[in-house]
Amino acid sequence: MHPADSCVTLTCAQNTPAAAAGGPVLAIESSCDETACAILAPDGHVLGERLISQDAHAMFGGVVPEIAARAHLALLPALVRETLAEAGLAPRDLGAIAASTGPGLIGGLIVGANFSKGLALASGRPFIAVNHIEAHALSPRFPGASEEPVGFPYLLLLVSGGHCQCIAVEGVGKYRRLGGTIDDAAGEAFDKVAKMLGLGWPGGPALEKLAEEGNPQAVSLPRPLHGRPGCDFSFSGLKTAVARQIGEDVQTALPRREAADLAASFQEAVADVMADRAARALDMMTTPSALVVAGGVAANRVIRARLQEVAKAAGLPFAAPPLRLCTDNAVMVAWAAIETCRETARLGLPFPDDLKMRPRPRWPLAEMAARFGTA
Ligand code: KG4
Ligand code: ZN
């Protein structure tokens, strides 16, 4: 079945990007294990939103790309139909259709981007390819995401299961990667340590909960790259140190007190490293206006509090978008599309129309400037 069949009557309308600029934007997110759709008015007002966190991966202790792609394919038609119904809109009422087109798991990206392109073609609307990391990077600017509006340039610390990087966000399309992990992502480290402690998946929230009962000073653990120049991260040594502490008890029940102490000590080590790396990343920028943290790990209260101290010491506001905007979602994708449209309009460039763009498992942020002719 054509992906758009379930949602629209095919009319083969001509694509009229210029005429479409002012309408609502529908966006799809499918780069990992969240299947999501959102429709935003041009001012960012949410007209409709649906999100399903796929639970089929829990039994495997991590995201299985093939299962994720098939689930996106199965879930998307109804999800998009429901989102349109909530907004009270038909596809022809939309101004544009967007999708996370990379980076991410290629199967899911192909499903989401092709679904969106099918919908765009069928309804005669332009398609906007959104870089998933750019969507995270611009999410603190979504109206209401932060107490104070966040202006450029700001430091984004993006910490999730798949990402761990410091990005100087200097404008729409203007991103400088200051540093990132040289091995595991922060959330990945949380998930792996949680697994060693016999907690479920994803492990971050369970580990944080267990850590509340423990003493963060109980176990001496390394702080990889702490104090080194630059703002790269490394978590594999820390993870190995935790494994060594558990020793032969891996996968067997560690006494709860010991497990809690280890969880708290691990979390403390990650928080220390993040605070150090964020402070150094701020030093690498000339006039940062704020420190922003996003991604699933930003939900961690100990890490948030530590980063808040870093911002305070630098005399900067601290912003952490609400959790629903921090983790993968389609609102941030639609918002990034809106910011892109506004920037092209401001520069007098043609309205974006990316139908020919293929999904990309890797898509460096540095390439985003090309859209605005400033690469
Ligand atoms: O952004 P996200 O929902 O998905 C991507 O990975 O893109 O982030 C999920 C990650 C998982 O690794 C999860 O364990 C971690 O964020 N996480 C946490 C917490 N909540 C989620 N890590 C530490 N503390 C938490 N409270
Ligand atoms: Zn993400």
# chains A, B, ... in the order shown; residues from 1 in each chain; ligands from 1
$ residues_near_ligand --ligand "ligand 2" --cutoff "8 Å" --atoms "only C-alpha atoms and all ligand atoms" --output "count of residues only"
12
$ residues_near_ligand --ligand "ligand 1" --cutoff "8 Å" --atoms "only C-alpha atoms and all ligand atoms" --output "VMD selection string"
chain A and resid 32 to 34 159 to 163 186 to 191 201 to 209 294 to 301 326 to 328
$ select_by_dssp --residues "region 12-164 of chain A" --states "strand (DSSP E)" --output "VMD selection string"
chain A and resid 25 to 29 34 to 40 46 to 53 96 to 102 127 to 131 154 to 159 164
$ write_last_selection --atoms "C-alpha atoms" --output "compact mmCIF listing (two decimals), in the first residue's frame"
# COMPACT_ATOMS: atom_id res chain seq x y z
CA VAL A 25 3.85 21.81 9.67
CA LEU A 26 3.39 18.07 10.16
CA ALA A 27 6.55 16.23 11.26
CA ILE A 28 7.50 12.60 11.75
CA GLU A 29 10.21 11.23 14.05
CA GLU A 34 10.17 6.45 19.22
CA THR A 35 7.45 6.61 16.56
CA ALA A 36 6.06 10.13 16.69
CA CYS A 37 4.02 12.64 14.74
CA ALA A 38 3.25 16.27 15.56
CA ILE A 39 1.53 19.17 13.85
CA LEU A 40 2.58 22.71 14.77
CA VAL A 46 0.98 22.36 19.05
CA LEU A 47 -2.16 21.42 17.10
CA GLY A 48 -1.76 17.65 17.44
CA GLU A 49 0.76 15.19 18.82
CA ARG A 50 1.15 11.42 19.10
CA LEU A 51 4.14 9.45 20.37
CA ILE A 52 4.69 5.75 20.90
CA SER A 53 7.83 4.52 22.68
CA ALA A 96 4.77 21.58 4.80
CA ILE A 97 5.62 18.02 5.81
CA ALA A 98 8.89 17.24 7.59
CA ALA A 99 10.72 14.18 8.87
CA SER A 100 13.90 13.32 10.74
CA THR A 101 15.97 12.28 7.72
CA GLY A 102 19.21 11.53 9.61
CA PHE A 127 8.88 18.11 2.11
CA ILE A 128 11.50 19.35 4.60
CA ALA A 129 14.36 17.02 5.59
CA VAL A 130 15.26 17.69 9.23
CA ASN A 131 18.58 16.77 10.81
CA TYR A 154 24.33 28.90 23.42
CA LEU A 155 26.05 25.73 24.51
CA LEU A 156 24.02 22.57 24.03
CA LEU A 157 25.06 19.49 25.94
CA LEU A 158 23.21 16.70 24.16
CA VAL A 159 23.24 13.54 26.28
CA CYS A 164 26.85 12.66 23.76
$ residues_around --residues "region 337-340 of chain A" --least-positions-apart "2" --cutoff "7 Å" --atoms "only C-alpha atoms" --output "JSON, numbers by chain"
{"A": [42, 98, 128, 130, 172, 333, 334, 335, 342, 343, 344]}
$ write_last_selection --atoms "N, CA, C and O atoms" --output "PDB file, in the first residue's frame"
ATOM      1  N   PRO A  42       2.433  27.715  12.537  1.00  0.00           N
ATOM      2  CA  PRO A  42       3.692  28.407  12.228  1.00  0.00           C
ATOM      3  C   PRO A  42       4.311  29.139  13.430  1.00  0.00           C
ATOM      4  O   PRO A  42       5.513  29.340  13.478  1.00  0.00           O
ATOM      5  N   ALA A  98       7.466  17.420   7.260  1.00  0.00           N
ATOM      6  CA  ALA A  98       8.885  17.243   7.592  1.00  0.00           C
ATOM      7  C   ALA A  98       9.120  15.877   8.210  1.00  0.00           C
ATOM      8  O   ALA A  98       8.183  15.225   8.676  1.00  0.00           O
ATOM      9  N   ILE A 128      10.298  18.779   3.978  1.00  0.00           N
ATOM     10  CA  ILE A 128      11.497  19.355   4.596  1.00  0.00           C
ATOM     11  C   ILE A 128      12.254  18.257   5.340  1.00  0.00           C
ATOM     12  O   ILE A 128      11.709  17.621   6.252  1.00  0.00           O
ATOM     13  N   VAL A 130      14.726  17.107   7.996  1.00  0.00           N
ATOM     14  CA  VAL A 130      15.263  17.693   9.230  1.00  0.00           C
ATOM     15  C   VAL A 130      16.384  16.819   9.774  1.00  0.00           C
ATOM     16  O   VAL A 130      16.269  15.596   9.822  1.00  0.00           O
ATOM     17  N   VAL A 172      20.488  29.387  13.355  1.00  0.00           N
ATOM     18  CA  VAL A 172      19.845  28.291  12.611  1.00  0.00           C
ATOM     19  C   VAL A 172      20.802  27.893  11.485  1.00  0.00           C
ATOM     20  O   VAL A 172      21.205  28.730  10.678  1.00  0.00           O
ATOM     21  N   VAL A 333      11.067  18.188  15.837  1.00  0.00           N
ATOM     22  CA  VAL A 333      11.342  18.049  14.400  1.00  0.00           C
ATOM     23  C   VAL A 333      10.535  19.106  13.625  1.00  0.00           C
ATOM     24  O   VAL A 333      11.064  19.800  12.740  1.00  0.00           O
ATOM     25  N   ALA A 334       9.269  19.244  14.002  1.00  0.00           N
ATOM     26  CA  ALA A 334       8.432  20.259  13.352  1.00  0.00           C
ATOM     27  C   ALA A 334       8.969  21.658  13.651  1.00  0.00           C
ATOM     28  O   ALA A 334       9.004  22.530  12.769  1.00  0.00           O
ATOM     29  N   TRP A 335       9.418  21.863  14.898  1.00  0.00           N
ATOM     30  CA  TRP A 335       9.942  23.182  15.272  1.00  0.00           C
ATOM     31  C   TRP A 335      11.204  23.514  14.462  1.00  0.00           C
ATOM     32  O   TRP A 335      11.388  24.638  13.989  1.00  0.00           O
ATOM     33  N   ARG A 342      11.735  29.878   8.522  1.00  0.00           N
ATOM     34  CA  ARG A 342      11.871  31.298   8.883  1.00  0.00           C
ATOM     35  C   ARG A 342      13.219  31.840   8.422  1.00  0.00           C
ATOM     36  O   ARG A 342      13.321  32.974   7.951  1.00  0.00           O
ATOM     37  N   GLU A 343      14.268  31.031   8.601  1.00  0.00           N
ATOM     38  CA  GLU A 343      15.611  31.495   8.243  1.00  0.00           C
ATOM     39  C   GLU A 343      15.746  31.645   6.728  1.00  0.00           C
ATOM     40  O   GLU A 343      16.333  32.623   6.253  1.00  0.00           O
ATOM     41  N   THR A 344      15.181  30.704   5.963  1.00  0.00           N
ATOM     42  CA  THR A 344      15.257  30.841   4.497  1.00  0.00           C
ATOM     43  C   THR A 344      14.487  32.093   4.055  1.00  0.00           C
ATOM     44  O   THR A 344      14.937  32.839   3.182  1.00  0.00           O
TER      45      THR A 344
END
$ residues_around --residues "Leu210 (chain A)" --least-positions-apart "6" --cutoff "10 Å" --atoms "only C-alpha atoms" --output "PDB file with N, CA and C atoms, in the first residue's frame"
ATOM      1  N   ALA A 194      23.385  -0.233  34.463  1.00  0.00           N
ATOM      2  CA  ALA A 194      22.105  -0.695  35.027  1.00  0.00           C
ATOM      3  C   ALA A 194      21.929  -2.193  34.765  1.00  0.00           C
ATOM      4  N   LEU A 197      23.850  -4.227  37.081  1.00  0.00           N
ATOM      5  CA  LEU A 197      23.248  -4.226  38.422  1.00  0.00           C
ATOM      6  C   LEU A 197      21.913  -4.973  38.437  1.00  0.00           C
ATOM      7  N   LEU A 199      19.218  -4.231  36.689  1.00  0.00           N
ATOM      8  CA  LEU A 199      18.032  -3.375  36.544  1.00  0.00           C
ATOM      9  C   LEU A 199      17.492  -3.534  35.120  1.00  0.00           C
ATOM     10  N   ARG A 256      21.379  -5.197  48.091  1.00  0.00           N
ATOM     11  CA  ARG A 256      20.786  -3.929  47.649  1.00  0.00           C
ATOM     12  C   ARG A 256      21.603  -2.715  48.088  1.00  0.00           C
ATOM     13  N   ARG A 257      22.104  -2.762  49.321  1.00  0.00           N
ATOM     14  CA  ARG A 257      22.894  -1.646  49.855  1.00  0.00           C
ATOM     15  C   ARG A 257      24.119  -1.401  48.962  1.00  0.00           C
ATOM     16  N   ALA A 259      24.597  -2.423  45.830  1.00  0.00           N
ATOM     17  CA  ALA A 259      24.163  -2.013  44.484  1.00  0.00           C
ATOM     18  C   ALA A 259      23.821  -0.523  44.479  1.00  0.00           C
ATOM     19  N   ALA A 260      23.151  -0.066  45.543  1.00  0.00           N
ATOM     20  CA  ALA A 260      22.759   1.349  45.626  1.00  0.00           C
ATOM     21  C   ALA A 260      23.996   2.236  45.742  1.00  0.00           C
ATOM     22  N   ASP A 261      24.984   1.822  46.544  1.00  0.00           N
ATOM     23  CA  ASP A 261      26.220   2.600  46.682  1.00  0.00           C
ATOM     24  C   ASP A 261      26.954   2.688  45.342  1.00  0.00           C
ATOM     25  N   LEU A 262      26.982   1.552  44.642  1.00  0.00           N
ATOM     26  CA  LEU A 262      27.669   1.530  43.346  1.00  0.00           C
ATOM     27  C   LEU A 262      26.939   2.418  42.330  1.00  0.00           C
ATOM     28  N   ALA A 263      25.612   2.341  42.317  1.00  0.00           N
ATOM     29  CA  ALA A 263      24.810   3.170  41.406  1.00  0.00           C
ATOM     30  C   ALA A 263      25.042   4.650  41.699  1.00  0.00           C
ATOM     31  N   ALA A 264      25.008   5.009  42.995  1.00  0.00           N
ATOM     32  CA  ALA A 264      25.187   6.416  43.380  1.00  0.00           C
ATOM     33  C   ALA A 264      26.601   6.884  43.027  1.00  0.00           C
TER      34      ALA A 264
END
$ residues_around --residues "Gly230 (chain A)" --least-positions-apart "2" --cutoff "7 Å" --atoms "only C-alpha atoms" --output "list in words"
Gly179, Arg228, Asp232, Arg280 and Ala281 of chain A
$ write_last_selection --atoms "N, CA and C atoms" --output "PDB file, in the first residue's frame"
ATOM      1  N   GLY A 179      33.010  19.038  20.987  1.00  0.00           N
ATOM      2  CA  GLY A 179      33.571  17.779  21.477  1.00  0.00           C
ATOM      3  C   GLY A 179      32.462  16.761  21.620  1.00  0.00           C
ATOM      4  N   ARG A 228      41.116  17.262  31.433  1.00  0.00           N
ATOM      5  CA  ARG A 228      41.890  17.316  30.178  1.00  0.00           C
ATOM      6  C   ARG A 228      41.411  18.488  29.325  1.00  0.00           C
ATOM      7  N   ASP A 232      35.893  16.489  25.147  1.00  0.00           N
ATOM      8  CA  ASP A 232      35.487  15.136  24.768  1.00  0.00           C
ATOM      9  C   ASP A 232      35.080  14.352  26.018  1.00  0.00           C
ATOM     10  N   ARG A 280      34.393  23.408  30.430  1.00  0.00           N
ATOM     11  CA  ARG A 280      35.430  23.622  29.421  1.00  0.00           C
ATOM     12  C   ARG A 280      34.826  23.993  28.062  1.00  0.00           C
ATOM     13  N   ALA A 281      33.692  23.410  27.736  1.00  0.00           N
ATOM     14  CA  ALA A 281      33.030  23.752  26.469  1.00  0.00           C
ATOM     15  C   ALA A 281      32.611  25.222  26.480  1.00  0.00           C
TER      16      ALA A 281
END
$ residues_around --residues "Ala275 (chain A)" --least-positions-apart "6" --cutoff "12 Å" --atoms "only C-alpha atoms" --output "ChimeraX atom specification"
/A:157,166,223,225-227,231,233,268-269,281-282,291,293,302-314
$ write_last_selection --atoms "N, CA, C and O atoms" --output "short mmCIF file (atom, residue, chain, number, x, y, z; two decimals), in the first residue's frame"
data_model
loop_
_atom_site.label_atom_id
_atom_site.label_comp_id
_atom_site.auth_asym_id
_atom_site.auth_seq_id
_atom_site.Cartn_x
_atom_site.Cartn_y
_atom_site.Cartn_z
N LEU A 157 24.49 20.77 25.55
CA LEU A 157 25.06 19.49 25.94
C LEU A 157 23.98 18.45 25.63
O LEU A 157 22.94 18.42 26.30
N CYS A 166 28.99 18.18 22.85
CA CYS A 166 28.86 19.59 23.19
C CYS A 166 28.80 20.35 21.87
O CYS A 166 29.70 20.23 21.03
N ARG A 223 37.24 9.22 36.81
CA ARG A 223 36.53 10.31 36.11
C ARG A 223 37.24 10.49 34.76
O ARG A 223 38.09 11.38 34.62
N LEU A 225 38.86 11.51 31.41
CA LEU A 225 39.12 12.78 30.70
C LEU A 225 38.87 14.02 31.56
O LEU A 225 39.03 15.14 31.07
N HIS A 226 38.50 13.83 32.83
CA HIS A 226 38.27 14.98 33.72
C HIS A 226 39.55 15.82 33.80
O HIS A 226 40.63 15.29 34.02
N GLY A 227 39.42 17.12 33.57
CA GLY A 227 40.57 18.01 33.68
C GLY A 227 41.41 18.11 32.42
O GLY A 227 42.31 18.94 32.34
N CYS A 231 36.65 19.18 25.28
CA CYS A 231 35.44 18.74 25.98
C CYS A 231 34.93 17.40 25.44
O CYS A 231 33.73 17.19 25.31
N PHE A 233 34.36 13.27 25.77
CA PHE A 233 33.92 12.39 26.85
C PHE A 233 34.42 10.97 26.60
O PHE A 233 34.66 10.59 25.46
N GLU A 268 27.53 9.79 40.35
CA GLU A 268 28.34 10.92 40.80
C GLU A 268 29.54 11.13 39.86
O GLU A 268 29.88 12.26 39.51
N ALA A 269 30.15 10.02 39.44
CA ALA A 269 31.31 10.12 38.54
C ALA A 269 30.87 10.74 37.21
O ALA A 269 31.55 11.61 36.65
N ALA A 281 33.69 23.41 27.74
CA ALA A 281 33.03 23.75 26.47
C ALA A 281 32.61 25.22 26.48
O ALA A 281 32.75 25.93 25.47
N LEU A 282 32.12 25.70 27.63
CA LEU A 282 31.73 27.12 27.72
C LEU A 282 32.96 28.00 27.49
O LEU A 282 32.87 29.04 26.83
N LEU A 291 23.57 27.86 29.04
CA LEU A 291 23.94 26.44 29.00
C LEU A 291 22.65 25.65 28.94
O LEU A 291 21.78 25.80 29.81
N VAL A 293 20.86 21.75 28.38
CA VAL A 293 21.08 20.31 28.32
C VAL A 293 19.83 19.65 27.75
O VAL A 293 18.70 20.04 28.08
N VAL A 302 20.45 14.60 39.48
CA VAL A 302 21.80 14.88 40.00
C VAL A 302 22.62 15.58 38.92
O VAL A 302 23.30 16.59 39.18
N ILE A 303 22.52 15.10 37.69
CA ILE A 303 23.28 15.70 36.58
C ILE A 303 22.76 17.11 36.29
O ILE A 303 23.52 18.05 36.11
N ARG A 304 21.45 17.26 36.28
CA ARG A 304 20.85 18.59 36.06
C ARG A 304 21.36 19.60 37.09
O ARG A 304 21.77 20.71 36.76
N ALA A 305 21.33 19.18 38.36
CA ALA A 305 21.74 20.09 39.44
C ALA A 305 23.20 20.48 39.27
O ALA A 305 23.57 21.64 39.46
N ARG A 306 24.04 19.53 38.89
CA ARG A 306 25.46 19.82 38.74
C ARG A 306 25.69 20.81 37.59
O ARG A 306 26.50 21.72 37.68
N LEU A 307 24.95 20.60 36.50
CA LEU A 307 25.11 21.50 35.34
C LEU A 307 24.57 22.89 35.66
O LEU A 307 25.10 23.90 35.18
N GLN A 308 23.55 22.92 36.48
CA GLN A 308 23.00 24.21 36.91
C GLN A 308 24.08 25.00 37.66
O GLN A 308 24.21 26.22 37.49
N GLU A 309 24.86 24.29 38.49
CA GLU A 309 25.96 24.95 39.22
C GLU A 309 27.00 25.50 38.26
O GLU A 309 27.54 26.59 38.45
N VAL A 310 27.29 24.73 37.20
CA VAL A 310 28.28 25.17 36.20
C VAL A 310 27.80 26.46 35.55
O VAL A 310 28.56 27.43 35.40
N ALA A 311 26.52 26.50 35.17
CA ALA A 311 25.96 27.69 34.53
C ALA A 311 26.03 28.88 35.48
O ALA A 311 26.44 29.98 35.10
N LYS A 312 25.68 28.63 36.74
CA LYS A 312 25.67 29.70 37.74
C LYS A 312 27.09 30.26 37.91
O LYS A 312 27.28 31.49 37.94
N ALA A 313 28.06 29.37 37.98
CA ALA A 313 29.45 29.81 38.16
C ALA A 313 29.91 30.65 36.97
O ALA A 313 30.76 31.54 37.11
N ALA A 314 29.34 30.37 35.79
CA ALA A 314 29.71 31.13 34.59
C ALA A 314 28.83 32.36 34.41
O ALA A 314 28.97 33.10 33.42
#
$ atom_distance --atom1 "CA of Leu221 (chain A)" --atom2 "CA of Ala241 (chain A)"
6.6 Å
$ select_by_dssp --residues "region 119-367 of chain A" --states "helix (DSSP H, G or I)" --output "MDAnalysis selection string"
chainID A and resid 119:123 132:141 186:196 203:211 236:249 256:283 296:299 301:313 323:326 331:346 365:367
$ residues_around --residues "Ser234 (chain A)" --least-positions-apart "3" --cutoff "9 Å" --atoms "only C-alpha atoms" --output "VMD selection string"
chain A and resid 180 to 186 223 to 225 237 to 238
$ write_last_selection --atoms "all heavy atoms" --output "mmCIF file, in the first residue's frame"
data_model
loop_
_atom_site.group_PDB
_atom_site.id
_atom_site.type_symbol
_atom_site.label_atom_id
_atom_site.label_comp_id
_atom_site.auth_asym_id
_atom_site.auth_seq_id
_atom_site.Cartn_x
_atom_site.Cartn_y
_atom_site.Cartn_z
ATOM 1 N N GLY A 180 32.869 15.506 21.841
ATOM 2 C CA GLY A 180 31.860 14.452 21.994
ATOM 3 C C GLY A 180 32.503 13.204 22.536
ATOM 4 O O GLY A 180 33.707 13.182 22.825
ATOM 5 N N THR A 181 31.718 12.161 22.658
ATOM 6 C CA THR A 181 32.264 10.947 23.253
ATOM 7 C C THR A 181 33.200 10.224 22.283
ATOM 8 O O THR A 181 32.971 10.227 21.067
ATOM 9 C CB THR A 181 31.153 9.991 23.729
ATOM 10 O OG1 THR A 181 31.761 8.886 24.400
ATOM 11 C CG2 THR A 181 30.298 9.497 22.577
ATOM 12 N N ILE A 182 34.233 9.625 22.847
ATOM 13 C CA ILE A 182 35.132 8.850 21.994
ATOM 14 C C ILE A 182 34.789 7.363 22.086
ATOM 15 O O ILE A 182 35.406 6.539 21.431
ATOM 16 C CB ILE A 182 36.624 9.100 22.349
ATOM 17 C CG1 ILE A 182 36.886 8.796 23.819
ATOM 18 C CG2 ILE A 182 37.016 10.525 22.030
ATOM 19 C CD1 ILE A 182 38.378 8.860 24.183
ATOM 20 N N ASP A 183 33.818 7.009 22.907
ATOM 21 C CA ASP A 183 33.367 5.602 22.942
ATOM 22 C C ASP A 183 31.844 5.546 23.149
ATOM 23 O O ASP A 183 31.093 5.777 22.216
ATOM 24 C CB ASP A 183 34.142 4.772 23.988
ATOM 25 C CG ASP A 183 34.420 5.533 25.278
ATOM 26 O OD1 ASP A 183 33.448 5.993 25.884
ATOM 27 O OD2 ASP A 183 35.599 5.670 25.670
ATOM 28 N N ASP A 184 31.385 5.294 24.369
ATOM 29 C CA ASP A 184 29.941 5.161 24.597
ATOM 30 C C ASP A 184 29.267 6.530 24.760
ATOM 31 O O ASP A 184 29.903 7.496 25.177
ATOM 32 C CB ASP A 184 29.688 4.390 25.902
ATOM 33 C CG ASP A 184 30.111 2.936 25.794
ATOM 34 O OD1 ASP A 184 30.296 2.462 24.662
ATOM 35 O OD2 ASP A 184 30.251 2.284 26.845
ATOM 36 N N ALA A 185 27.976 6.574 24.464
ATOM 37 C CA ALA A 185 27.179 7.755 24.807
ATOM 38 C C ALA A 185 26.841 7.651 26.303
ATOM 39 O O ALA A 185 26.892 6.560 26.887
ATOM 40 C CB ALA A 185 25.910 7.806 23.979
ATOM 41 N N ALA A 186 26.500 8.788 26.913
ATOM 42 C CA ALA A 186 26.243 8.800 28.360
ATOM 43 C C ALA A 186 25.089 7.857 28.739
ATOM 44 O O ALA A 186 25.187 7.083 29.695
ATOM 45 C CB ALA A 186 25.939 10.224 28.809
ATOM 46 N N ARG A 223 37.241 9.224 36.805
ATOM 47 C CA ARG A 223 36.533 10.313 36.111
ATOM 48 C C ARG A 223 37.240 10.487 34.762
ATOM 49 O O ARG A 223 38.088 11.378 34.618
ATOM 50 C CB ARG A 223 36.632 11.628 36.894
ATOM 51 C CG ARG A 223 35.521 11.914 37.875
ATOM 52 C CD ARG A 223 35.514 11.024 39.059
ATOM 53 N NE ARG A 223 34.511 11.426 40.046
ATOM 54 C CZ ARG A 223 33.959 10.583 40.911
ATOM 55 N NH1 ARG A 223 34.293 9.301 40.892
ATOM 56 N NH2 ARG A 223 33.077 10.999 41.785
ATOM 57 N N PRO A 224 36.918 9.651 33.760
ATOM 58 C CA PRO A 224 37.677 9.690 32.495
ATOM 59 C C PRO A 224 37.674 11.075 31.833
ATOM 60 O O PRO A 224 36.632 11.721 31.746
ATOM 61 C CB PRO A 224 36.956 8.667 31.614
ATOM 62 C CG PRO A 224 36.231 7.780 32.568
ATOM 63 C CD PRO A 224 35.867 8.638 33.740
ATOM 64 N N LEU A 225 38.857 11.511 31.414
ATOM 65 C CA LEU A 225 39.118 12.777 30.701
ATOM 66 C C LEU A 225 38.874 14.022 31.559
ATOM 67 O O LEU A 225 39.026 15.141 31.072
ATOM 68 C CB LEU A 225 38.313 12.879 29.396
ATOM 69 C CG LEU A 225 38.577 11.803 28.334
ATOM 70 C CD1 LEU A 225 37.819 12.125 27.051
ATOM 71 C CD2 LEU A 225 40.047 11.660 28.035
ATOM 72 N N GLY A 237 35.953 3.315 30.309
ATOM 73 C CA GLY A 237 36.794 3.002 31.469
ATOM 74 C C GLY A 237 35.987 2.993 32.758
ATOM 75 O O GLY A 237 36.183 2.143 33.636
ATOM 76 N N LEU A 238 35.050 3.905 32.842
ATOM 77 C CA LEU A 238 34.186 3.991 34.028
ATOM 78 C C LEU A 238 33.304 2.747 34.137
ATOM 79 O O LEU A 238 33.153 2.144 35.203
ATOM 80 C CB LEU A 238 33.342 5.267 33.919
ATOM 81 C CG LEU A 238 32.323 5.537 35.013
ATOM 82 C CD1 LEU A 238 32.966 5.577 36.390
ATOM 83 C CD2 LEU A 238 31.605 6.861 34.740
#
$ closest_residue --among "A:Gly373, A:Gly61, A:Gly95, A:Gly104" --to "Pro126 (chain A)" --atoms "only C-alpha atoms"
A:Gly95
$ closest_residue --among "A:Ala366, A:Gln165, A:Gly348, A:Gly151" --to "Ala319 (chain A)" --atoms "only C-alpha atoms"
A:Gly151
$ atom_distance --atom1 "CA of Phe115 (chain A)" --atom2 "CA of Val80 (chain A)"
9.9 Å
